[in-house]
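Next up, upload-v2.pdb (PDB, C-alpha atoms and all ligand atoms):
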```pdb
ATOM      1  CA  LEU A 251      68.917  38.431 156.539  1.00  0.00           C
ATOM      2  CA  THR A 252      68.926  38.456 160.328  1.00  0.00           C
ATOM      3  CA  ASP A 253      68.767  41.846 162.011  1.00  0.00           C
ATOM      4  CA  VAL A 254      70.289  42.357 165.445  1.00  0.00           C
ATOM      5  CA  VAL A 255      69.841  45.467 167.580  1.00  0.00           C
ATOM      6  CA  CYS A 256      72.711  45.475 170.033  1.00  0.00           C
ATOM      7  CA  ASP A 257      73.104  47.551 173.191  1.00  0.00           C
ATOM      8  CA  LEU A 258      76.667  48.595 174.074  1.00  0.00           C
ATOM      9  CA  ASP A 259      77.381  49.174 177.795  1.00  0.00           C
ATOM     10  CA  GLY A 260      77.019  45.964 179.768  1.00  0.00           C
ATOM     11  CA  VAL A 261      76.805  43.908 176.554  1.00  0.00           C
ATOM     12  CA  LEU A 262      79.925  44.441 174.425  1.00  0.00           C
ATOM     13  CA  PHE A 263      81.979  46.298 176.995  1.00  0.00           C
ATOM     14  CA  ARG A 264      82.019  47.662 180.491  1.00  0.00           C
ATOM     15  CA  GLY A 265      84.019  50.720 181.486  1.00  0.00           C
ATOM     16  CA  GLY A 266      86.238  50.738 178.419  1.00  0.00           C
ATOM     17  CA  ALA A 267      87.128  47.033 178.540  1.00  0.00           C
ATOM     18  CA  PRO A 268      85.550  44.372 176.307  1.00  0.00           C
ATOM     19  CA  ILE A 269      83.371  41.744 177.948  1.00  0.00           C
ATOM     20  CA  PRO A 270      85.238  38.438 177.592  1.00  0.00           C
ATOM     21  CA  GLY A 271      84.321  36.661 174.348  1.00  0.00           C
ATOM     22  CA  ALA A 272      82.238  39.546 173.006  1.00  0.00           C
ATOM     23  CA  PRO A 273      84.646  40.745 170.268  1.00  0.00           C
ATOM     24  CA  GLN A 274      84.999  37.229 168.848  1.00  0.00           C
ATOM     25  CA  ALA A 275      81.246  36.674 168.992  1.00  0.00           C
ATOM     26  CA  LEU A 276      80.582  40.003 167.254  1.00  0.00           C
ATOM     27  CA  ARG A 277      82.948  38.961 164.446  1.00  0.00           C
ATOM     28  CA  ARG A 278      81.136  35.619 164.165  1.00  0.00           C
ATOM     29  CA  LEU A 279      77.750  37.359 164.027  1.00  0.00           C
ATOM     30  CA  ILE A 280      78.836  39.766 161.290  1.00  0.00           C
ATOM     31  CA  ALA A 281      80.546  36.977 159.317  1.00  0.00           C
ATOM     32  CA  SER A 282      77.238  35.078 159.309  1.00  0.00           C
ATOM     33  CA  GLY A 283      75.704  37.882 157.260  1.00  0.00           C
ATOM     34  CA  ALA A 284      73.581  39.276 160.081  1.00  0.00           C
ATOM     35  CA  ARG A 285      73.067  43.013 160.051  1.00  0.00           C
ATOM     36  CA  VAL A 286      74.047  44.608 163.353  1.00  0.00           C
ATOM     37  CA  VAL A 287      72.722  47.984 164.481  1.00  0.00           C
ATOM     38  CA  TYR A 288      73.977  49.444 167.741  1.00  0.00           C
ATOM     39  CA  ALA A 289      71.348  51.233 169.841  1.00  0.00           C
ATOM     40  CA  THR A 290      72.531  53.094 172.909  1.00  0.00           C
ATOM     41  CA  ASN A 291      70.873  55.319 175.476  1.00  0.00           C
ATOM     42  CA  ASN A 292      74.289  56.835 176.195  1.00  0.00           C
ATOM     43  CA  SER A 293      73.811  60.427 175.011  1.00  0.00           C
ATOM     44  CA  THR A 294      77.327  61.673 175.755  1.00  0.00           C
ATOM     45  CA  ARG A 295      78.973  60.509 172.505  1.00  0.00           C
ATOM     46  CA  SER A 296      78.017  61.346 168.931  1.00  0.00           C
ATOM     47  CA  ALA A 297      77.204  58.372 166.696  1.00  0.00           C
ATOM     48  CA  SER A 298      80.619  58.641 165.040  1.00  0.00           C
ATOM     49  CA  ARG A 299      82.429  58.731 168.403  1.00  0.00           C
ATOM     50  CA  ALA A 300      80.327  55.791 169.595  1.00  0.00           C
ATOM     51  CA  ALA A 301      81.281  53.855 166.456  1.00  0.00           C
ATOM     52  CA  ALA A 302      84.962  54.695 166.985  1.00  0.00           C
ATOM     53  CA  ASN A 303      84.630  53.547 170.590  1.00  0.00           C
ATOM     54  CA  ILE A 304      83.189  50.184 169.468  1.00  0.00           C
ATOM     55  CA  THR A 305      86.089  49.784 167.053  1.00  0.00           C
ATOM     56  CA  ASP A 306      88.685  50.794 169.659  1.00  0.00           C
ATOM     57  CA  ILE A 307      87.421  48.438 172.357  1.00  0.00           C
ATOM     58  CA  THR A 308      86.376  45.393 170.325  1.00  0.00           C
ATOM     59  CA  GLY A 309      88.653  45.693 167.298  1.00  0.00           C
ATOM     60  CA  VAL A 310      85.578  45.191 165.104  1.00  0.00           C
ATOM     61  CA  PRO A 311      85.039  47.985 162.555  1.00  0.00           C
ATOM     62  CA  ALA A 312      81.853  49.990 163.114  1.00  0.00           C
ATOM     63  CA  GLU A 313      80.429  52.942 161.193  1.00  0.00           C
ATOM     64  CA  ALA A 314      78.418  55.902 162.474  1.00  0.00           C
ATOM     65  CA  SER A 315      75.582  54.790 160.172  1.00  0.00           C
ATOM     66  CA  GLN A 316      75.242  51.595 162.259  1.00  0.00           C
ATOM     67  CA  VAL A 317      74.744  53.490 165.525  1.00  0.00           C
ATOM     68  CA  VAL A 318      71.620  55.136 166.885  1.00  0.00           C
ATOM     69  CA  THR A 319      71.833  57.125 170.109  1.00  0.00           C
ATOM     70  CA  SER A 320      69.174  58.462 172.443  1.00  0.00           C
ATOM     71  CA  ALA A 321      70.405  61.956 171.570  1.00  0.00           C
ATOM     72  CA  GLN A 322      69.596  61.333 167.899  1.00  0.00           C
ATOM     73  CA  ALA A 323      66.181  60.019 168.931  1.00  0.00           C
ATOM     74  CA  ALA A 324      65.585  63.203 170.928  1.00  0.00           C
ATOM     75  CA  ALA A 325      66.693  65.424 168.023  1.00  0.00           C
ATOM     76  CA  SER A 326      64.383  63.513 165.667  1.00  0.00           C
ATOM     77  CA  LEU A 327      61.394  64.638 167.732  1.00  0.00           C
ATOM     78  CA  LEU A 328      61.963  68.325 167.082  1.00  0.00           C
ATOM     79  CA  THR A 329      59.903  69.929 164.343  1.00  0.00           C
ATOM     80  CA  GLY A 330      59.956  73.443 162.875  1.00  0.00           C
ATOM     81  CA  ASP A 331      58.297  75.079 165.859  1.00  0.00           C
ATOM     82  CA  ASP A 332      60.724  73.538 168.349  1.00  0.00           C
ATOM     83  CA  TRP A 333      63.787  75.542 167.341  1.00  0.00           C
ATOM     84  CA  PRO A 334      65.877  77.151 168.645  1.00  0.00           C
ATOM     85  CA  THR A 335      66.603  74.514 171.225  1.00  0.00           C
ATOM     86  CA  LEU A 336      68.498  74.743 174.492  1.00  0.00           C
ATOM     87  CA  PRO A 337      70.742  71.700 175.035  1.00  0.00           C
ATOM     88  CA  VAL A 338      71.683  70.364 178.449  1.00  0.00           C
ATOM     89  CA  GLY A 339      74.207  67.626 177.741  1.00  0.00           C
ATOM     90  CA  GLU A 340      77.564  66.718 176.321  1.00  0.00           C
ATOM     91  CA  GLU A 341      78.977  66.396 172.801  1.00  0.00           C
ATOM     92  CA  GLY A 342      76.501  63.676 171.827  1.00  0.00           C
ATOM     93  CA  VAL A 343      73.477  65.896 172.469  1.00  0.00           C
ATOM     94  CA  VAL A 344      74.915  68.961 170.773  1.00  0.00           C
ATOM     95  CA  SER A 345      76.137  67.037 167.701  1.00  0.00           C
ATOM     96  CA  ALA A 346      72.765  65.295 167.263  1.00  0.00           C
ATOM     97  CA  LEU A 347      70.982  68.641 167.415  1.00  0.00           C
ATOM     98  CA  GLU A 348      73.445  70.192 164.953  1.00  0.00           C
ATOM     99  CA  ALA A 349      72.942  67.257 162.574  1.00  0.00           C
ATOM    100  CA  ALA A 350      69.172  67.766 162.782  1.00  0.00           C
ATOM    101  CA  GLY A 351      69.803  71.166 161.283  1.00  0.00           C
ATOM    102  CA  GLY A 352      68.068  73.588 163.609  1.00  0.00           C
ATOM    103  CA  ALA A 353      69.401  76.465 165.665  1.00  0.00           C
ATOM    104  CA  ILE A 354      70.911  75.996 169.114  1.00  0.00           C
ATOM    105  CA  THR A 355      70.613  78.659 171.770  1.00  0.00           C
ATOM    106  CA  ARG A 356      72.208  79.088 175.176  1.00  0.00           C
ATOM    107  CA  ARG A 357      69.564  81.617 176.238  1.00  0.00           C
ATOM    108  CA  PRO A 358      66.616  80.121 178.113  1.00  0.00           C
ATOM    109  CA  SER A 359      64.348  83.023 177.127  1.00  0.00           C
ATOM    110  CA  GLU A 360      64.866  82.204 173.409  1.00  0.00           C
ATOM    111  CA  ALA A 361      64.378  78.441 173.668  1.00  0.00           C
ATOM    112  CA  ALA A 362      61.372  76.829 171.984  1.00  0.00           C
ATOM    113  CA  SER A 363      62.557  73.481 173.330  1.00  0.00           C
ATOM    114  CA  VAL A 364      64.959  72.014 175.869  1.00  0.00           C
ATOM    115  CA  VAL A 365      66.770  68.749 175.136  1.00  0.00           C
ATOM    116  CA  VAL A 366      68.320  67.087 178.169  1.00  0.00           C
ATOM    117  CA  GLY A 367      70.859  64.265 178.254  1.00  0.00           C
ATOM    118  CA  LEU A 368      73.581  63.167 180.617  1.00  0.00           C
ATOM    119  CA  ASP A 369      75.827  66.089 181.506  1.00  0.00           C
ATOM    120  CA  ARG A 370      78.716  65.174 183.770  1.00  0.00           C
ATOM    121  CA  SER A 371      79.581  68.824 184.343  1.00  0.00           C
ATOM    122  CA  LEU A 372      76.008  69.898 185.075  1.00  0.00           C
ATOM    123  CA  SER A 373      75.751  73.222 186.867  1.00  0.00           C
ATOM    124  CA  TYR A 374      73.047  74.701 189.049  1.00  0.00           C
ATOM    125  CA  GLU A 375      72.815  77.503 186.493  1.00  0.00           C
ATOM    126  CA  ALA A 376      72.070  75.021 183.700  1.00  0.00           C
ATOM    127  CA  ILE A 377      69.273  73.412 185.757  1.00  0.00           C
ATOM    128  CA  ALA A 378      67.840  76.850 186.501  1.00  0.00           C
ATOM    129  CA  GLY A 379      67.978  78.017 182.872  1.00  0.00           C
ATOM    130  CA  ALA A 380      66.394  74.849 181.495  1.00  0.00           C
ATOM    131  CA  ALA A 381      63.671  74.965 184.156  1.00  0.00           C
ATOM    132  CA  ASP A 382      62.960  78.611 183.276  1.00  0.00           C
ATOM    133  CA  ALA A 383      62.543  77.708 179.601  1.00  0.00           C
ATOM    134  CA  VAL A 384      60.260  74.742 180.364  1.00  0.00           C
ATOM    135  CA  ARG A 385      58.178  76.825 182.767  1.00  0.00           C
ATOM    136  CA  ALA A 386      57.805  79.444 180.029  1.00  0.00           C
ATOM    137  CA  GLY A 387      56.376  76.790 177.680  1.00  0.00           C
ATOM    138  CA  ALA A 388      59.359  75.274 175.863  1.00  0.00           C
ATOM    139  CA  ARG A 389      58.968  71.676 174.693  1.00  0.00           C
ATOM    140  CA  PHE A 390      60.817  69.439 177.157  1.00  0.00           C
ATOM    141  CA  VAL A 391      62.579  66.350 175.768  1.00  0.00           C
ATOM    142  CA  ALA A 392      64.863  63.931 177.619  1.00  0.00           C
ATOM    143  CA  THR A 393      67.221  61.646 175.692  1.00  0.00           C
ATOM    144  CA  ASN A 394      66.457  58.890 178.206  1.00  0.00           C
ATOM    145  CA  THR A 395      65.524  58.457 181.831  1.00  0.00           C
ATOM    146  CA  ASP A 396      67.967  55.753 182.911  1.00  0.00           C
ATOM    147  CA  PRO A 397      68.452  56.597 186.610  1.00  0.00           C
ATOM    148  CA  THR A 398      72.036  55.355 186.634  1.00  0.00           C
ATOM    149  CA  TYR A 399      74.712  53.851 184.426  1.00  0.00           C
ATOM    150  CA  PRO A 400      77.449  51.388 185.329  1.00  0.00           C
ATOM    151  CA  THR A 401      81.049  52.578 185.713  1.00  0.00           C
ATOM    152  CA  PRO A 402      84.113  50.701 186.965  1.00  0.00           C
ATOM    153  CA  ALA A 403      83.576  52.507 190.302  1.00  0.00           C
ATOM    154  CA  GLY A 404      79.899  51.506 190.561  1.00  0.00           C
ATOM    155  CA  LEU A 405      76.649  53.156 189.535  1.00  0.00           C
ATOM    156  CA  ALA A 406      76.786  56.832 188.519  1.00  0.00           C
ATOM    157  CA  PRO A 407      73.794  59.196 188.118  1.00  0.00           C
ATOM    158  CA  GLY A 408      72.351  58.914 184.599  1.00  0.00           C
ATOM    159  CA  ALA A 409      70.424  61.201 182.266  1.00  0.00           C
ATOM    160  CA  GLY A 410      67.283  60.400 184.245  1.00  0.00           C
ATOM    161  CA  ALA A 411      68.769  62.084 187.294  1.00  0.00           C
ATOM    162  CA  VAL A 412      69.636  65.195 185.262  1.00  0.00           C
ATOM    163  CA  ALA A 413      66.164  65.344 183.668  1.00  0.00           C
ATOM    164  CA  ALA A 414      64.548  64.821 187.080  1.00  0.00           C
ATOM    165  CA  ALA A 415      66.315  67.848 188.549  1.00  0.00           C
ATOM    166  CA  ILE A 416      64.922  70.043 185.765  1.00  0.00           C
ATOM    167  CA  ALA A 417      61.485  68.384 185.879  1.00  0.00           C
ATOM    168  CA  VAL A 418      61.127  69.004 189.606  1.00  0.00           C
ATOM    169  CA  ALA A 419      62.207  72.626 189.280  1.00  0.00           C
ATOM    170  CA  ALA A 420      59.939  73.220 186.276  1.00  0.00           C
ATOM    171  CA  GLY A 421      56.940  71.251 187.535  1.00  0.00           C
ATOM    172  CA  ARG A 422      56.647  69.251 184.293  1.00  0.00           C
ATOM    173  CA  GLN A 423      57.787  65.823 183.127  1.00  0.00           C
ATOM    174  CA  PRO A 424      59.774  65.436 179.874  1.00  0.00           C
ATOM    175  CA  GLU A 425      58.917  63.478 176.747  1.00  0.00           C
ATOM    176  CA  VAL A 426      61.414  60.618 176.541  1.00  0.00           C
ATOM    177  CA  ALA A 427      63.134  59.634 173.276  1.00  0.00           C
ATOM    178  CA  GLY A 428      65.560  56.747 173.879  1.00  0.00           C
ATOM    179  CA  LYS A 429      64.970  53.036 174.383  1.00  0.00           C
ATOM    180  CA  PRO A 430      62.243  51.771 174.821  1.00  0.00           C
ATOM    181  CA  HIS A 431      60.271  54.771 173.567  1.00  0.00           C
ATOM    182  CA  PRO A 432      58.766  55.222 170.085  1.00  0.00           C
ATOM    183  CA  PRO A 433      61.325  57.742 168.721  1.00  0.00           C
ATOM    184  CA  MET A 434      64.120  55.173 169.062  1.00  0.00           C
ATOM    185  CA  ARG A 435      61.963  52.456 167.458  1.00  0.00           C
ATOM    186  CA  LYS A 436      61.234  54.827 164.595  1.00  0.00           C
ATOM    187  CA  LEU A 437      64.938  55.520 163.997  1.00  0.00           C
ATOM    188  CA  LEU A 438      65.655  51.786 163.961  1.00  0.00           C
ATOM    189  CA  ARG A 439      62.865  51.178 161.447  1.00  0.00           C
ATOM    190  CA  ALA A 440      64.223  54.026 159.323  1.00  0.00           C
ATOM    191  CA  LEU A 441      67.504  52.083 159.130  1.00  0.00           C
ATOM    192  CA  GLY A 442      65.521  49.183 157.678  1.00  0.00           C
ATOM    193  CA  VAL A 443      65.536  47.060 160.817  1.00  0.00           C
ATOM    194  CA  THR A 444      62.827  44.395 160.619  1.00  0.00           C
ATOM    195  CA  SER A 445      61.984  41.652 163.136  1.00  0.00           C
ATOM    196  CA  PRO A 446      65.273  42.018 164.994  1.00  0.00           C
ATOM    197  CA  TRP A 447      66.745  40.223 167.917  1.00  0.00           C
ATOM    198  CA  VAL A 448      67.348  42.885 170.569  1.00  0.00           C
ATOM    199  CA  ILE A 449      70.341  42.071 172.783  1.00  0.00           C
ATOM    200  CA  GLY A 450      70.764  44.084 175.988  1.00  0.00           C
ATOM    201  CA  ASP A 451      71.428  44.047 179.714  1.00  0.00           C
ATOM    202  CA  ARG A 452      68.467  46.117 180.992  1.00  0.00           C
ATOM    203  CA  LEU A 453      64.822  45.123 181.269  1.00  0.00           C
ATOM    204  CA  ASP A 454      63.355  48.627 181.311  1.00  0.00           C
ATOM    205  CA  THR A 455      65.156  49.740 178.140  1.00  0.00           C
ATOM    206  CA  ASP A 456      66.493  46.854 176.022  1.00  0.00           C
ATOM    207  CA  VAL A 457      64.005  44.084 176.736  1.00  0.00           C
ATOM    208  CA  ALA A 458      61.162  46.615 176.769  1.00  0.00           C
ATOM    209  CA  LEU A 459      62.233  47.798 173.294  1.00  0.00           C
ATOM    210  CA  ALA A 460      61.163  44.421 171.886  1.00  0.00           C
ATOM    211  CA  ASP A 461      57.942  44.281 173.922  1.00  0.00           C
ATOM    212  CA  ASN A 462      54.720  44.910 172.001  1.00  0.00           C
ATOM    213  CA  GLU A 463      56.526  44.867 168.655  1.00  0.00           C
ATOM    214  CA  GLU A 464      55.350  42.192 166.230  1.00  0.00           C
ATOM    215  CA  GLY A 465      58.287  39.937 165.378  1.00  0.00           C
ATOM    216  CA  TRP A 466      60.830  41.608 167.675  1.00  0.00           C
ATOM    217  CA  ALA A 467      62.490  39.297 170.228  1.00  0.00           C
ATOM    218  CA  SER A 468      64.691  40.081 173.218  1.00  0.00           C
ATOM    219  CA  ILE A 469      67.787  38.416 174.619  1.00  0.00           C
ATOM    220  CA  LEU A 470      68.858  39.537 178.089  1.00  0.00           C
ATOM    221  CA  VAL A 471      72.544  39.134 178.906  1.00  0.00           C
ATOM    222  CA  LEU A 472      73.744  38.972 182.507  1.00  0.00           C
ATOM    223  CA  THR A 473      76.980  40.946 182.106  1.00  0.00           C
ATOM    224  CA  GLY A 474      75.361  44.268 183.015  1.00  0.00           C
ATOM    225  CA  VAL A 475      72.552  45.491 185.204  1.00  0.00           C
ATOM    226  CA  ALA A 476      69.864  42.775 185.360  1.00  0.00           C
ATOM    227  CA  SER A 477      69.976  39.360 187.032  1.00  0.00           C
ATOM    228  CA  ARG A 478      68.669  36.020 185.755  1.00  0.00           C
ATOM    229  CA  GLN A 479      65.809  36.088 188.299  1.00  0.00           C
ATOM    230  CA  GLU A 480      64.708  39.512 187.053  1.00  0.00           C
ATOM    231  CA  GLY A 481      64.930  38.423 183.430  1.00  0.00           C
ATOM    232  CA  GLU A 482      63.114  35.064 183.536  1.00  0.00           C
ATOM    233  CA  GLY A 483      59.599  35.530 182.226  1.00  0.00           C
ATOM    234  CA  ARG A 484      60.339  39.026 180.952  1.00  0.00           C
ATOM    235  CA  ALA A 485      62.897  38.495 178.193  1.00  0.00           C
ATOM    236  CA  ASP A 486      62.363  35.968 175.384  1.00  0.00           C
ATOM    237  CA  ARG A 487      65.774  34.490 176.230  1.00  0.00           C
ATOM    238  CA  VAL A 488      68.100  34.957 179.191  1.00  0.00           C
ATOM    239  CA  VAL A 489      71.736  34.011 178.582  1.00  0.00           C
ATOM    240  CA  ASP A 490      75.038  34.524 180.364  1.00  0.00           C
ATOM    241  CA  ASP A 491      76.714  36.855 177.905  1.00  0.00           C
ATOM    242  CA  PHE A 492      76.922  38.228 174.371  1.00  0.00           C
ATOM    243  CA  ALA A 493      78.670  35.125 173.023  1.00  0.00           C
ATOM    244  CA  ALA A 494      75.738  33.000 174.220  1.00  0.00           C
ATOM    245  CA  ALA A 495      73.303  35.517 172.701  1.00  0.00           C
ATOM    246  CA  VAL A 496      75.034  35.140 169.333  1.00  0.00           C
ATOM    247  CA  ASP A 497      74.671  31.356 169.674  1.00  0.00           C
ATOM    248  CA  VAL A 498      70.910  31.895 170.066  1.00  0.00           C
ATOM    249  CA  VAL A 499      70.700  34.221 167.072  1.00  0.00           C
ATOM    250  CA  LEU A 500      72.736  31.942 164.790  1.00  0.00           C
ATOM    251  CA  GLY A 501      71.101  28.764 166.036  1.00  0.00           C
ATOM    252  CA  GLU A 502      67.482  29.769 165.709  1.00  0.00           C
ATOM    253  CA  ALA A 503      65.696  30.808 162.574  1.00  0.00           C
ATOM    254  CA  THR A 504      62.303  30.875 164.257  1.00  0.00           C
ATOM    255  CA  ARG A 505      60.808  33.364 166.647  1.00  0.00           C
ATOM    256  CA  PRO A 506      59.801  32.480 170.187  1.00  0.00           C
TER     257      PRO A 506
HETATM  258 MG    MG B 601      73.391  48.470 178.551  1.00  0.00          MG
END
```
structure tokens encoding of this file:
Amino acid sequence: LTDVVCDLDGVLFRGGAPIPGAPQALRRLIASGARVVYATNNSTRSASRAAANITDITGVPAEASQVVTSAQAAASLLTGDDWPTLPVGEEGVVSALEAAGGAITRRPSEAASVVVGLDRSLSYEAIAGAADAVRAGARFVATNTDPTYPTPAGLAPGAGAVAAAIAVAAGRQPEVAGKPHPPMRKLLRALGVTSPWVIGDRLDTDVALADNEEGWASILVLTGVASRQEGEGRADRVVDDFAAAVDVVLGEATRP
């Protein structure tokens, strides 16, 4: 069985529209018997909303159990002493924390931890409250530190920009959970992923996820953030798009 860890934005779709050829290639990959797990640093959607989004855009059915998000990776870090937690983020962060089963607080003075993701309605008050909690000793976790993310209108500030505002105000850097960090790898292994091909459009997150992992191999696609020049020598394969990545996966049984 071939395992594939697939990024979403810049790989399967961009700004709500499928990347040409990607839906057909995804069907071909699944029909081959490969197991596909979707791994996204987008913390705004819950896993079930992310799965519904994949289905809506590509027409290929996807289940929440096939999706791991950076918000879930962040929630997986919290242990008994880290609750209640103060979330700074959207539905994806809150739902991942709720699913992890601990208490959520909106009061900085009560927070044993602060979990920060992308929040597109971030307020000055939220930055101040989170910074207060971190300064008072709360555990500080960021879903991811992607500085930006691609939108149809260009690059928009990402979770890294939100976390940085709090980090500067608090004088402390966060632990980071999403790709390429260990919490995300651990969630993927918990799903039974072994020796996967990792397909993505970013070097610092997707390609780096496969770095230093025995048997993991990366395929960089050029439909998102990174260019061929940036990818050569860093990724195991550099291809034009997802359809070409599927050709690599289906055509090669051996590892680079
Ligand atoms: Mg991407």
*asked:* Give me the residues near segment 252-261 of chain A as an MDAnalysis selection string, where near means some atom within 7 Å (using all atoms listed in the file) and where sequence neighbours in that chain fewer than 4 positions away do not count.
replied: chainID A and resid 284:290 443:451 471 473:474 492
*Once the PyMOL selection byres (((chain A and resi 430) around 12) and not hetatm) has been applied to the shown file, what residues remain in the selection, as a PyMOL selection string?*
chain A and resi 257+289-291+319-320+323+393-396+426-429+431-438+448+450+452-463
*Tell me which of A:Pro400, A:Gly367, A:Pro334, A:Gly309 sits closest to ligand MG 601 (chain B), counting all atoms listed in the file.*
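Answer, going by the shortest atom-to-atom distance: A:Pro400.
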*Would you kindly identify which residues have an atom no farther than 12 Å from (57.2, 74.9, 178.0), using only C-alpha atoms and the file's own coordinates, and write them out as a PyMOL selection string?*
chain A and resi 332+335-336+358-365+380-391+416-417+420-425
*Could you tell me which residues the PyMOL selection byres (((chain A and resi 498) around 12) and not hetatm) grabs in this file, written as a PyMOL selection string?*
chain A and resi 252+254+275+279+447-449+467-471+486-497+499-506
Now that the selection is made, can you save its residues with C-alpha atoms as a PDB file, keeping the file's coordinate frame?
```
ATOM      1  CA  THR A 252      68.926  38.456 160.328  1.00  0.00           C
ATOM      2  CA  VAL A 254      70.289  42.357 165.445  1.00  0.00           C
ATOM      3  CA  ALA A 275      81.246  36.674 168.992  1.00  0.00           C
ATOM      4  CA  LEU A 279      77.750  37.359 164.027  1.00  0.00           C
ATOM      5  CA  TRP A 447      66.745  40.223 167.917  1.00  0.00           C
ATOM      6  CA  VAL A 448      67.348  42.885 170.569  1.00  0.00           C
ATOM      7  CA  ILE A 449      70.341  42.071 172.783  1.00  0.00           C
ATOM      8  CA  ALA A 467      62.490  39.297 170.228  1.00  0.00           C
ATOM      9  CA  SER A 468      64.691  40.081 173.218  1.00  0.00           C
ATOM     10  CA  ILE A 469      67.787  38.416 174.619  1.00  0.00           C
ATOM     11  CA  LEU A 470      68.858  39.537 178.089  1.00  0.00           C
ATOM     12  CA  VAL A 471      72.544  39.134 178.906  1.00  0.00           C
ATOM     13  CA  ASP A 486      62.363  35.968 175.384  1.00  0.00           C
ATOM     14  CA  ARG A 487      65.774  34.490 176.230  1.00  0.00           C
ATOM     15  CA  VAL A 488      68.100  34.957 179.191  1.00  0.00           C
ATOM     16  CA  VAL A 489      71.736  34.011 178.582  1.00  0.00           C
ATOM     17  CA  ASP A 490      75.038  34.524 180.364  1.00  0.00           C
ATOM     18  CA  ASP A 491      76.714  36.855 177.905  1.00  0.00           C
ATOM     19  CA  PHE A 492      76.922  38.228 174.371  1.00  0.00           C
ATOM     20  CA  ALA A 493      78.670  35.125 173.023  1.00  0.00           C
ATOM     21  CA  ALA A 494      75.738  33.000 174.220  1.00  0.00           C
ATOM     22  CA  ALA A 495      73.303  35.517 172.701  1.00  0.00           C
ATOM     23  CA  VAL A 496      75.034  35.140 169.333  1.00  0.00           C
ATOM     24  CA  ASP A 497      74.671  31.356 169.674  1.00  0.00           C
ATOM     25  CA  VAL A 499      70.700  34.221 167.072  1.00  0.00           C
ATOM     26  CA  LEU A 500      72.736  31.942 164.790  1.00  0.00           C
ATOM     27  CA  GLY A 501      71.101  28.764 166.036  1.00  0.00           C
ATOM     28  CA  GLU A 502      67.482  29.769 165.709  1.00  0.00           C
ATOM     29  CA  ALA A 503      65.696  30.808 162.574  1.00  0.00           C
ATOM     30  CA  THR A 504      62.303  30.875 164.257  1.00  0.00           C
ATOM     31  CA  ARG A 505      60.808  33.364 166.647  1.00  0.00           C
ATOM     32  CA  PRO A 506      59.801  32.480 170.187  1.00  0.00           C
TER      33      PRO A 506
END
```
*Measure the distance from atom CA of Leu327 of chain A to atom CA of Ala414 of chain A in Å and round it to one decimal.*
19.6 Å
_Among the residues A:Ala300, A:Arg370, A:Pro268, A:Ser293, the one that comes closest to Leu347 of chain A [using only C-alpha atoms]_ = A:Ser293
